[in-house]
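Notes to accompany the following structure.
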Amino acid sequence: GSSAFAESAGITDIKTSGVLTSLGGSAFQNCIGLKAADLSESTGLTTIPGSAFSGCSGLNEVKLPETLKEIYAYAFQSCTSLEGIVLPDSITLMSGRAFYNCTKLSSVNYPLNWTSVACYDGNRTSGCCSDGSSYYLSPFVGCSSLKNIVVPEGVTAIPKHAFRNLSALSSISLPESLTSIGAYAFYDADGLTNVELPAALKSIGSSAFAAVSYT
């Protein structure tokens with residue numbers, strides 16, 4: 001349930017079984033002694049809820065199941081020891097601020113099936129804000145070490161708000177398969193100075209590159 005193990009400083013490792021199908025919000029919040037969380041065998045787990053591992057400042061290893069679909073706001077907020085994470089290609093939705101202020105996070109892959117960014121106003125996926133609202137931010141906002149992203153071949157669309165306000169981002173590699181970039185996708189990602197747009201690109205959403213110089 002919610003906050004089931006929150007503030008349990010003595011927990012150092014978590015390994016879940018195939019029986020686990022859900023986590024409560026804030027389940028392991030502020031477990032500052034937690035160093036490793038292996039959820040990979042929990043193939044029935046499709047959602048990491050809001051604040052599930054928020055404030056786990058010692059967490060430096062996370063393994064996610066290949067069936068995961070959604071990661072919600074603040075799920076890994078301020079996991080300041082986390083340097084890298086492999087996101088399953090099964091992920092379709094990540095909320096703004098999912099990895100908020102993970103200041104050492106420098107290695108993240110782009111999930112092939114990622115199609116939407118939810119606003120960070122709770123676990124809602126739509127209808128809470130207009131596109132221009134400040135409640136929409138990148139899942140990686142505040143990740144000050146995340147400077148490079150490679151979008152893999154096969155991806156045809158970058159969702160709205162994907163890298164919005166991700167000021168640390170200085171390099172993005174886009175695939176030849178890409179045909180559309182959503183509104184506000186790189187809005188105020190002011191560390192970018194040059195973006196090579198693929199020849200197949202047909203659509204760029206409103207304010208997608210506001211405050212960014214691109215070619």
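Ordering of the structure tokens sets the chain letters (A, B, ...), residue numbers begin anew at 1 in every chain, and ligands are numbered from 1 in the order given.
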*asked:* Using DSSP secondary structure from the backbone, list all strand (DSSP E) positions within stretch 98-213 of chain A, as a ChimeraX atom specification.
replied: /A:107-108,116-118,148-150,157-158,171-173,180-181,203-204
*Quick one: everything within 9 Å of A:Ile11, counting only C-alpha atoms, minus sequence neighbours fewer than 3 positions away in the same chain. Send it as a list of chain:residue names.*
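Using only C-alpha atoms, the neighbours found are A:Phe5, A:Ser8, A:Ile14, A:Cys31, A:Ile32, A:Gly33, A:Leu34, A:Lys35.
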_Shell around A:Ser78 at 10 Å using only C-alpha atoms, local window under 5 positions removed, as a VMD selection string_ = chain A and resid 30 53 to 59 98 to 104 142 to 143
Quick one: write out the picked residues with N, CA, C and O atoms as a short mmCIF file (atom, residue, chain, number, x, y, z; two decimals), in the first residue's frame?
```
data_model
loop_
_atom_site.label_atom_id
_atom_site.label_comp_id
_atom_site.auth_asym_id
_atom_site.auth_seq_id
_atom_site.Cartn_x
_atom_site.Cartn_y
_atom_site.Cartn_z
N ASN A 30 12.00 8.04 0.81
CA ASN A 30 12.97 8.42 1.84
C ASN A 30 13.60 7.24 2.56
O ASN A 30 13.98 7.34 3.74
N PHE A 53 10.00 5.90 -5.07
CA PHE A 53 11.38 5.84 -4.56
C PHE A 53 11.93 7.25 -4.31
O PHE A 53 13.14 7.44 -4.23
N SER A 54 11.07 8.20 -4.16
CA SER A 54 11.49 9.59 -3.95
C SER A 54 12.34 9.73 -2.70
O SER A 54 12.02 9.18 -1.65
N GLY A 55 13.43 10.45 -2.83
CA GLY A 55 14.28 10.71 -1.68
C GLY A 55 15.17 9.56 -1.27
O GLY A 55 15.80 9.62 -0.20
N CYS A 56 15.25 8.52 -2.10
CA CYS A 56 16.17 7.40 -1.81
C CYS A 56 17.57 7.81 -2.28
O CYS A 56 18.05 7.40 -3.34
N SER A 57 18.21 8.61 -1.48
CA SER A 57 19.44 9.28 -1.90
C SER A 57 20.62 8.34 -2.09
O SER A 57 21.60 8.71 -2.75
N GLY A 58 20.56 7.12 -1.54
CA GLY A 58 21.65 6.17 -1.71
C GLY A 58 21.43 5.20 -2.85
O GLY A 58 22.32 4.40 -3.18
N LEU A 59 20.28 5.26 -3.50
CA LEU A 59 19.93 4.29 -4.55
C LEU A 59 20.82 4.49 -5.77
O LEU A 59 20.82 5.55 -6.39
N ALA A 98 9.44 12.79 -13.23
CA ALA A 98 9.58 11.40 -12.77
C ALA A 98 10.96 11.17 -12.15
O ALA A 98 11.09 10.46 -11.14
N PHE A 99 11.99 11.78 -12.74
CA PHE A 99 13.36 11.65 -12.26
C PHE A 99 13.89 13.00 -11.77
O PHE A 99 15.09 13.29 -11.86
N TYR A 100 13.02 13.78 -11.22
CA TYR A 100 13.34 15.15 -10.81
C TYR A 100 14.54 15.22 -9.87
O TYR A 100 14.61 14.52 -8.86
N ASN A 101 15.52 16.04 -10.25
CA ASN A 101 16.70 16.30 -9.43
C ASN A 101 17.53 15.05 -9.13
O ASN A 101 18.13 14.93 -8.05
N CYS A 102 17.58 14.13 -10.08
CA CYS A 102 18.55 13.03 -10.00
C CYS A 102 19.86 13.58 -10.58
O CYS A 102 20.17 13.41 -11.76
N THR A 103 20.59 14.26 -9.75
CA THR A 103 21.67 15.12 -10.22
C THR A 103 22.87 14.39 -10.80
O THR A 103 23.66 15.00 -11.54
N LYS A 104 23.02 13.09 -10.51
CA LYS A 104 24.14 12.33 -11.08
C LYS A 104 23.72 11.51 -12.30
O LYS A 104 24.57 10.88 -12.94
N GLY A 142 15.82 18.79 -14.03
CA GLY A 142 16.65 18.79 -12.83
C GLY A 142 17.76 17.78 -12.84
O GLY A 142 18.55 17.72 -11.88
N CYS A 143 17.86 16.98 -13.91
CA CYS A 143 18.95 16.00 -14.03
C CYS A 143 20.15 16.73 -14.65
O CYS A 143 20.37 16.71 -15.87
#
```
*Give me, please, the distance in Å between atom CA of A:Thr43 and atom CA of A:Glu70, quoted to one decimal.*
13.3 Å
*Can you list, as number ranges by chain, every protein, DNA or RNA residue that comes within 8 Å of A:Ile91 when you count only C-alpha atoms, leaving out same-chain residues fewer than 5 positions away?*
A: 67-71, 111-114
*Suppose you want the space between atom CA of A:Leu137 and atom CA of A:Ser171; what is it in Å?*
18.4 Å
*Which is closer to A:Glu196 than all the others in A:Val151, A:Ala9, A:Ala208, A:Ile172, using only C-alpha atoms?*
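Nearest candidate to A:Glu196 out of A:Val151, A:Ala9, A:Ala208, A:Ile172: A:Ile172.
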*Looking at A:Val117, A:Leu197, A:Phe163, A:Val212, which one is nearest to A:Cys129, with distances taken over only C-alpha atoms?*
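Smallest separation from A:Cys129 among the options: A:Val117.
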Give me the residues near A:Ile158 as an mmCIF file with N, CA, C and O atoms, in the first residue's frame, where near means some atom within 12 Å (using only C-alpha atoms) and where sequence neighbours in that chain fewer than 2 positions away do not count.
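Okay, selection10.cif is ready:
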```
data_model
loop_
_atom_site.group_PDB
_atom_site.id
_atom_site.type_symbol
_atom_site.label_atom_id
_atom_site.label_comp_id
_atom_site.auth_asym_id
_atom_site.auth_seq_id
_atom_site.Cartn_x
_atom_site.Cartn_y
_atom_site.Cartn_z
ATOM 1 N N THR A 92 5.328 3.444 -22.204
ATOM 2 C CA THR A 92 4.587 4.341 -23.093
ATOM 3 C C THR A 92 4.397 5.729 -22.501
ATOM 4 O O THR A 92 4.213 6.696 -23.235
ATOM 5 N N LEU A 93 4.407 5.848 -21.173
ATOM 6 C CA LEU A 93 4.124 7.125 -20.521
ATOM 7 C C LEU A 93 5.089 7.371 -19.367
ATOM 8 O O LEU A 93 5.347 6.474 -18.563
ATOM 9 N N TYR A 110 16.407 5.884 -24.476
ATOM 10 C CA TYR A 110 15.097 6.382 -24.895
ATOM 11 C C TYR A 110 14.223 5.175 -25.232
ATOM 12 O O TYR A 110 14.508 4.430 -26.166
ATOM 13 N N PRO A 111 13.116 4.954 -24.497
ATOM 14 C CA PRO A 111 12.268 3.779 -24.761
ATOM 15 C C PRO A 111 11.586 3.865 -26.133
ATOM 16 O O PRO A 111 11.012 4.900 -26.488
ATOM 17 N N LEU A 112 11.638 2.806 -26.875
ATOM 18 C CA LEU A 112 11.123 2.790 -28.246
ATOM 19 C C LEU A 112 9.636 3.133 -28.326
ATOM 20 O O LEU A 112 9.180 3.725 -29.304
ATOM 21 N N ASN A 113 8.872 2.753 -27.304
ATOM 22 C CA ASN A 113 7.420 2.925 -27.357
ATOM 23 C C ASN A 113 6.902 4.096 -26.526
ATOM 24 O O ASN A 113 5.696 4.207 -26.281
ATOM 25 N N TRP A 114 7.807 4.978 -26.105
ATOM 26 C CA TRP A 114 7.396 6.144 -25.322
ATOM 27 C C TRP A 114 6.582 7.095 -26.202
ATOM 28 O O TRP A 114 7.079 7.612 -27.202
ATOM 29 N N THR A 115 5.323 7.332 -25.812
ATOM 30 C CA THR A 115 4.440 8.148 -26.641
ATOM 31 C C THR A 115 3.853 9.356 -25.931
ATOM 32 O O THR A 115 3.291 10.233 -26.591
ATOM 33 N N SER A 116 3.928 9.436 -24.593
ATOM 34 C CA SER A 116 3.296 10.578 -23.929
ATOM 35 C C SER A 116 3.978 10.942 -22.619
ATOM 36 O O SER A 116 4.572 10.111 -21.943
ATOM 37 N N VAL A 117 3.841 12.239 -22.296
ATOM 38 C CA VAL A 117 4.312 12.800 -21.026
ATOM 39 C C VAL A 117 3.094 13.325 -20.286
ATOM 40 O O VAL A 117 2.344 14.150 -20.816
ATOM 41 N N SER A 138 9.700 17.959 -18.643
ATOM 42 C CA SER A 138 10.329 16.689 -18.966
ATOM 43 C C SER A 138 10.381 15.780 -17.732
ATOM 44 O O SER A 138 10.515 16.260 -16.604
ATOM 45 N N VAL A 150 20.259 9.785 -27.100
ATOM 46 C CA VAL A 150 20.178 9.170 -28.431
ATOM 47 C C VAL A 150 18.784 8.588 -28.596
ATOM 48 O O VAL A 150 18.380 7.708 -27.840
ATOM 49 N N VAL A 151 18.053 9.093 -29.561
ATOM 50 C CA VAL A 151 16.738 8.536 -29.885
ATOM 51 C C VAL A 151 16.965 7.443 -30.921
ATOM 52 O O VAL A 151 17.499 7.709 -32.001
ATOM 53 N N PRO A 152 16.582 6.193 -30.627
ATOM 54 C CA PRO A 152 16.966 5.083 -31.495
ATOM 55 C C PRO A 152 16.166 5.007 -32.791
ATOM 56 O O PRO A 152 15.051 5.538 -32.896
ATOM 57 N N GLY A 154 13.720 3.590 -35.452
ATOM 58 C CA GLY A 154 12.430 2.943 -35.228
ATOM 59 C C GLY A 154 11.433 3.878 -34.562
ATOM 60 O O GLY A 154 10.215 3.711 -34.715
ATOM 61 N N VAL A 155 11.936 4.865 -33.826
ATOM 62 C CA VAL A 155 11.061 5.858 -33.216
ATOM 63 C C VAL A 155 10.578 6.805 -34.309
ATOM 64 O O VAL A 155 11.375 7.351 -35.075
ATOM 65 N N THR A 156 9.264 7.001 -34.384
ATOM 66 C CA THR A 156 8.699 7.877 -35.407
ATOM 67 C C THR A 156 8.222 9.215 -34.844
ATOM 68 O O THR A 156 8.039 10.164 -35.602
ATOM 69 N N LYS A 160 5.053 15.246 -26.943
ATOM 70 C CA LYS A 160 5.009 16.583 -26.371
ATOM 71 C C LYS A 160 5.747 16.605 -25.032
ATOM 72 O O LYS A 160 5.631 15.667 -24.250
ATOM 73 N N HIS A 161 6.505 17.647 -24.804
ATOM 74 C CA HIS A 161 7.133 17.928 -23.509
ATOM 75 C C HIS A 161 8.262 16.965 -23.128
ATOM 76 O O HIS A 161 8.733 17.004 -21.993
ATOM 77 N N ALA A 162 8.703 16.124 -24.047
ATOM 78 C CA ALA A 162 9.659 15.065 -23.700
ATOM 79 C C ALA A 162 10.907 15.602 -23.001
ATOM 80 O O ALA A 162 11.382 15.018 -22.017
ATOM 81 N N PHE A 163 11.449 16.705 -23.497
ATOM 82 C CA PHE A 163 12.690 17.255 -22.934
ATOM 83 C C PHE A 163 12.503 18.712 -22.518
ATOM 84 O O PHE A 163 13.473 19.471 -22.444
ATOM 85 N N ARG A 164 11.295 19.078 -22.216
ATOM 86 C CA ARG A 164 10.968 20.460 -21.858
ATOM 87 C C ARG A 164 11.707 20.903 -20.589
ATOM 88 O O ARG A 164 11.713 20.208 -19.581
ATOM 89 N N ILE A 172 21.483 15.969 -28.826
ATOM 90 C CA ILE A 172 20.399 15.021 -29.085
ATOM 91 C C ILE A 172 20.614 14.430 -30.474
ATOM 92 O O ILE A 172 20.866 15.164 -31.445
ATOM 93 N N SER A 173 20.571 13.117 -30.561
ATOM 94 C CA SER A 173 20.719 12.432 -31.839
ATOM 95 C C SER A 173 19.358 11.889 -32.249
ATOM 96 O O SER A 173 18.746 11.100 -31.517
ATOM 97 N N LEU A 174 18.887 12.313 -33.407
ATOM 98 C CA LEU A 174 17.559 11.923 -33.876
ATOM 99 C C LEU A 174 17.675 10.894 -34.995
ATOM 100 O O LEU A 174 18.548 11.007 -35.860
ATOM 101 N N PRO A 175 16.770 9.902 -35.030
ATOM 102 C CA PRO A 175 16.870 8.831 -36.026
ATOM 103 C C PRO A 175 16.273 9.238 -37.372
ATOM 104 O O PRO A 175 15.431 10.139 -37.455
ATOM 105 N N SER A 177 14.197 7.572 -38.894
ATOM 106 C CA SER A 177 12.804 7.137 -38.893
ATOM 107 C C SER A 177 11.839 8.189 -38.358
ATOM 108 O O SER A 177 10.619 8.065 -38.497
ATOM 109 N N LEU A 178 12.363 9.262 -37.755
ATOM 110 C CA LEU A 178 11.523 10.247 -37.077
ATOM 111 C C LEU A 178 10.713 11.077 -38.076
ATOM 112 O O LEU A 178 11.262 11.654 -39.013
ATOM 113 N N THR A 179 9.386 11.143 -37.844
ATOM 114 C CA THR A 179 8.521 11.937 -38.723
ATOM 115 C C THR A 179 7.847 13.101 -38.005
ATOM 116 O O THR A 179 7.364 14.023 -38.658
ATOM 117 N N SER A 180 7.793 13.084 -36.668
ATOM 118 C CA SER A 180 7.144 14.199 -35.973
ATOM 119 C C SER A 180 7.787 14.467 -34.611
ATOM 120 O O SER A 180 8.269 13.555 -33.943
ATOM 121 N N ILE A 181 7.772 15.747 -34.234
ATOM 122 C CA ILE A 181 8.243 16.200 -32.931
ATOM 123 C C ILE A 181 7.102 16.975 -32.290
ATOM 124 O O ILE A 181 6.568 17.918 -32.874
ATOM 125 N N GLY A 182 6.699 16.560 -31.102
ATOM 126 C CA GLY A 182 5.535 17.127 -30.452
ATOM 127 C C GLY A 182 5.749 18.533 -29.920
ATOM 128 O O GLY A 182 6.884 19.000 -29.743
ATOM 129 N N ALA A 183 4.648 19.202 -29.638
ATOM 130 C CA ALA A 183 4.679 20.550 -29.090
ATOM 131 C C ALA A 183 5.500 20.593 -27.795
ATOM 132 O O ALA A 183 5.426 19.679 -26.976
ATOM 133 N N TYR A 184 6.296 21.625 -27.659
ATOM 134 C CA TYR A 184 7.080 21.878 -26.441
ATOM 135 C C TYR A 184 8.098 20.773 -26.148
ATOM 136 O O TYR A 184 8.618 20.688 -25.038
ATOM 137 N N ALA A 185 8.391 19.932 -27.128
ATOM 138 C CA ALA A 185 9.281 18.785 -26.878
ATOM 139 C C ALA A 185 10.641 19.212 -26.347
ATOM 140 O O ALA A 185 11.207 18.554 -25.470
ATOM 141 N N PHE A 186 11.170 20.312 -26.875
ATOM 142 C CA PHE A 186 12.479 20.810 -26.435
ATOM 143 C C PHE A 186 12.369 22.251 -25.918
ATOM 144 O O PHE A 186 13.359 22.977 -25.875
ATOM 145 N N LEU A 201 11.415 14.009 -41.462
ATOM 146 C CA LEU A 201 10.599 14.782 -40.526
ATOM 147 C C LEU A 201 9.538 15.597 -41.268
ATOM 148 O O LEU A 201 9.856 16.385 -42.159
ATOM 149 N N SER A 203 6.557 16.951 -39.342
ATOM 150 C CA SER A 203 5.777 17.809 -38.462
ATOM 151 C C SER A 203 6.572 18.208 -37.227
ATOM 152 O O SER A 203 7.176 17.352 -36.568
ATOM 153 N N ILE A 204 6.559 19.509 -36.911
ATOM 154 C CA ILE A 204 7.158 20.033 -35.684
ATOM 155 C C ILE A 204 6.072 20.809 -34.950
ATOM 156 O O ILE A 204 5.500 21.758 -35.504
ATOM 157 N N GLY A 205 5.758 20.413 -33.723
ATOM 158 C CA GLY A 205 4.683 21.017 -32.969
ATOM 159 C C GLY A 205 5.014 22.420 -32.488
ATOM 160 O O GLY A 205 6.167 22.861 -32.509
ATOM 161 N N ALA A 208 8.057 23.804 -30.094
ATOM 162 C CA ALA A 208 8.886 22.610 -29.880
ATOM 163 C C ALA A 208 10.325 22.955 -29.562
ATOM 164 O O ALA A 208 10.962 22.303 -28.731
#
```
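The coordinates place atom CA of A:Ala75 at 12.9 Å from atom CA of A:Ala118.
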*Neighbours of A:Ser107 within 12 Å (only C-alpha atoms; same-chain residues fewer than 6 positions away dropped), as number ranges by chain?*
A: 82-87, 140, 143-150, 169
Restricted to N, CA, C and O atoms, what would the selected residues look like written as a PDB file, in the first residue's frame?
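The result, stored in out_15.pdb:
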```
ATOM      1  N   LEU A  82      21.992   7.881  -8.206  1.00  0.00           N
ATOM      2  CA  LEU A  82      21.676   7.110  -9.412  1.00  0.00           C
ATOM      3  C   LEU A  82      22.362   7.738 -10.620  1.00  0.00           C
ATOM      4  O   LEU A  82      22.073   8.873 -10.992  1.00  0.00           O
ATOM      5  N   GLU A  83      23.274   6.973 -11.236  1.00  0.00           N
ATOM      6  CA  GLU A  83      24.037   7.490 -12.370  1.00  0.00           C
ATOM      7  C   GLU A  83      23.508   6.999 -13.711  1.00  0.00           C
ATOM      8  O   GLU A  83      23.757   7.632 -14.746  1.00  0.00           O
ATOM      9  N   GLY A  84      22.804   5.876 -13.705  1.00  0.00           N
ATOM     10  CA  GLY A  84      22.279   5.336 -14.954  1.00  0.00           C
ATOM     11  C   GLY A  84      21.086   4.442 -14.702  1.00  0.00           C
ATOM     12  O   GLY A  84      20.936   3.880 -13.615  1.00  0.00           O
ATOM     13  N   ILE A  85      20.228   4.342 -15.705  1.00  0.00           N
ATOM     14  CA  ILE A  85      19.074   3.450 -15.609  1.00  0.00           C
ATOM     15  C   ILE A  85      18.702   2.995 -17.008  1.00  0.00           C
ATOM     16  O   ILE A  85      18.794   3.761 -17.983  1.00  0.00           O
ATOM     17  N   VAL A  86      18.302   1.725 -17.125  1.00  0.00           N
ATOM     18  CA  VAL A  86      17.802   1.179 -18.389  1.00  0.00           C
ATOM     19  C   VAL A  86      16.281   1.189 -18.326  1.00  0.00           C
ATOM     20  O   VAL A  86      15.678   0.534 -17.476  1.00  0.00           O
ATOM     21  N   LEU A  87      15.679   1.957 -19.217  1.00  0.00           N
ATOM     22  CA  LEU A  87      14.222   2.046 -19.281  1.00  0.00           C
ATOM     23  C   LEU A  87      13.711   1.043 -20.308  1.00  0.00           C
ATOM     24  O   LEU A  87      14.139   1.079 -21.470  1.00  0.00           O
ATOM     25  N   PHE A 140      12.833  14.306 -16.950  1.00  0.00           N
ATOM     26  CA  PHE A 140      14.229  14.385 -16.511  1.00  0.00           C
ATOM     27  C   PHE A 140      14.649  15.780 -16.082  1.00  0.00           C
ATOM     28  O   PHE A 140      15.841  16.042 -15.918  1.00  0.00           O
ATOM     29  N   CYS A 143      17.855  16.977 -13.914  1.00  0.00           N
ATOM     30  CA  CYS A 143      18.953  16.001 -14.031  1.00  0.00           C
ATOM     31  C   CYS A 143      20.150  16.730 -14.649  1.00  0.00           C
ATOM     32  O   CYS A 143      20.366  16.714 -15.869  1.00  0.00           O
ATOM     33  N   SER A 144      20.929  17.355 -13.816  1.00  0.00           N
ATOM     34  CA  SER A 144      21.963  18.284 -14.272  1.00  0.00           C
ATOM     35  C   SER A 144      23.148  17.607 -14.949  1.00  0.00           C
ATOM     36  O   SER A 144      23.981  18.288 -15.571  1.00  0.00           O
ATOM     37  N   SER A 145      23.240  16.271 -14.858  1.00  0.00           N
ATOM     38  CA  SER A 145      24.332  15.553 -15.526  1.00  0.00           C
ATOM     39  C   SER A 145      23.897  14.889 -16.821  1.00  0.00           C
ATOM     40  O   SER A 145      24.718  14.283 -17.523  1.00  0.00           O
ATOM     41  N   LEU A 146      22.620  15.011 -17.162  1.00  0.00           N
ATOM     42  CA  LEU A 146      22.094  14.354 -18.360  1.00  0.00           C
ATOM     43  C   LEU A 146      22.285  15.280 -19.557  1.00  0.00           C
ATOM     44  O   LEU A 146      21.475  16.160 -19.821  1.00  0.00           O
ATOM     45  N   LYS A 147      23.363  15.062 -20.269  1.00  0.00           N
ATOM     46  CA  LYS A 147      23.765  15.985 -21.328  1.00  0.00           C
ATOM     47  C   LYS A 147      23.531  15.440 -22.732  1.00  0.00           C
ATOM     48  O   LYS A 147      23.455  16.223 -23.692  1.00  0.00           O
ATOM     49  N   ASN A 148      23.422  14.125 -22.869  1.00  0.00           N
ATOM     50  CA  ASN A 148      23.310  13.525 -24.194  1.00  0.00           C
ATOM     51  C   ASN A 148      22.178  12.502 -24.236  1.00  0.00           C
ATOM     52  O   ASN A 148      22.048  11.675 -23.328  1.00  0.00           O
ATOM     53  N   ILE A 149      21.378  12.554 -25.295  1.00  0.00           N
ATOM     54  CA  ILE A 149      20.298  11.599 -25.502  1.00  0.00           C
ATOM     55  C   ILE A 149      20.379  11.091 -26.942  1.00  0.00           C
ATOM     56  O   ILE A 149      20.542  11.877 -27.881  1.00  0.00           O
ATOM     57  N   VAL A 150      20.259   9.785 -27.100  1.00  0.00           N
ATOM     58  CA  VAL A 150      20.178   9.170 -28.431  1.00  0.00           C
ATOM     59  C   VAL A 150      18.784   8.588 -28.596  1.00  0.00           C
ATOM     60  O   VAL A 150      18.380   7.708 -27.840  1.00  0.00           O
ATOM     61  N   LEU A 169      20.727  19.406 -21.181  1.00  0.00           N
ATOM     62  CA  LEU A 169      20.869  18.679 -22.442  1.00  0.00           C
ATOM     63  C   LEU A 169      21.637  19.518 -23.467  1.00  0.00           C
ATOM     64  O   LEU A 169      21.237  20.624 -23.810  1.00  0.00           O
TER      65      LEU A 169
END
```
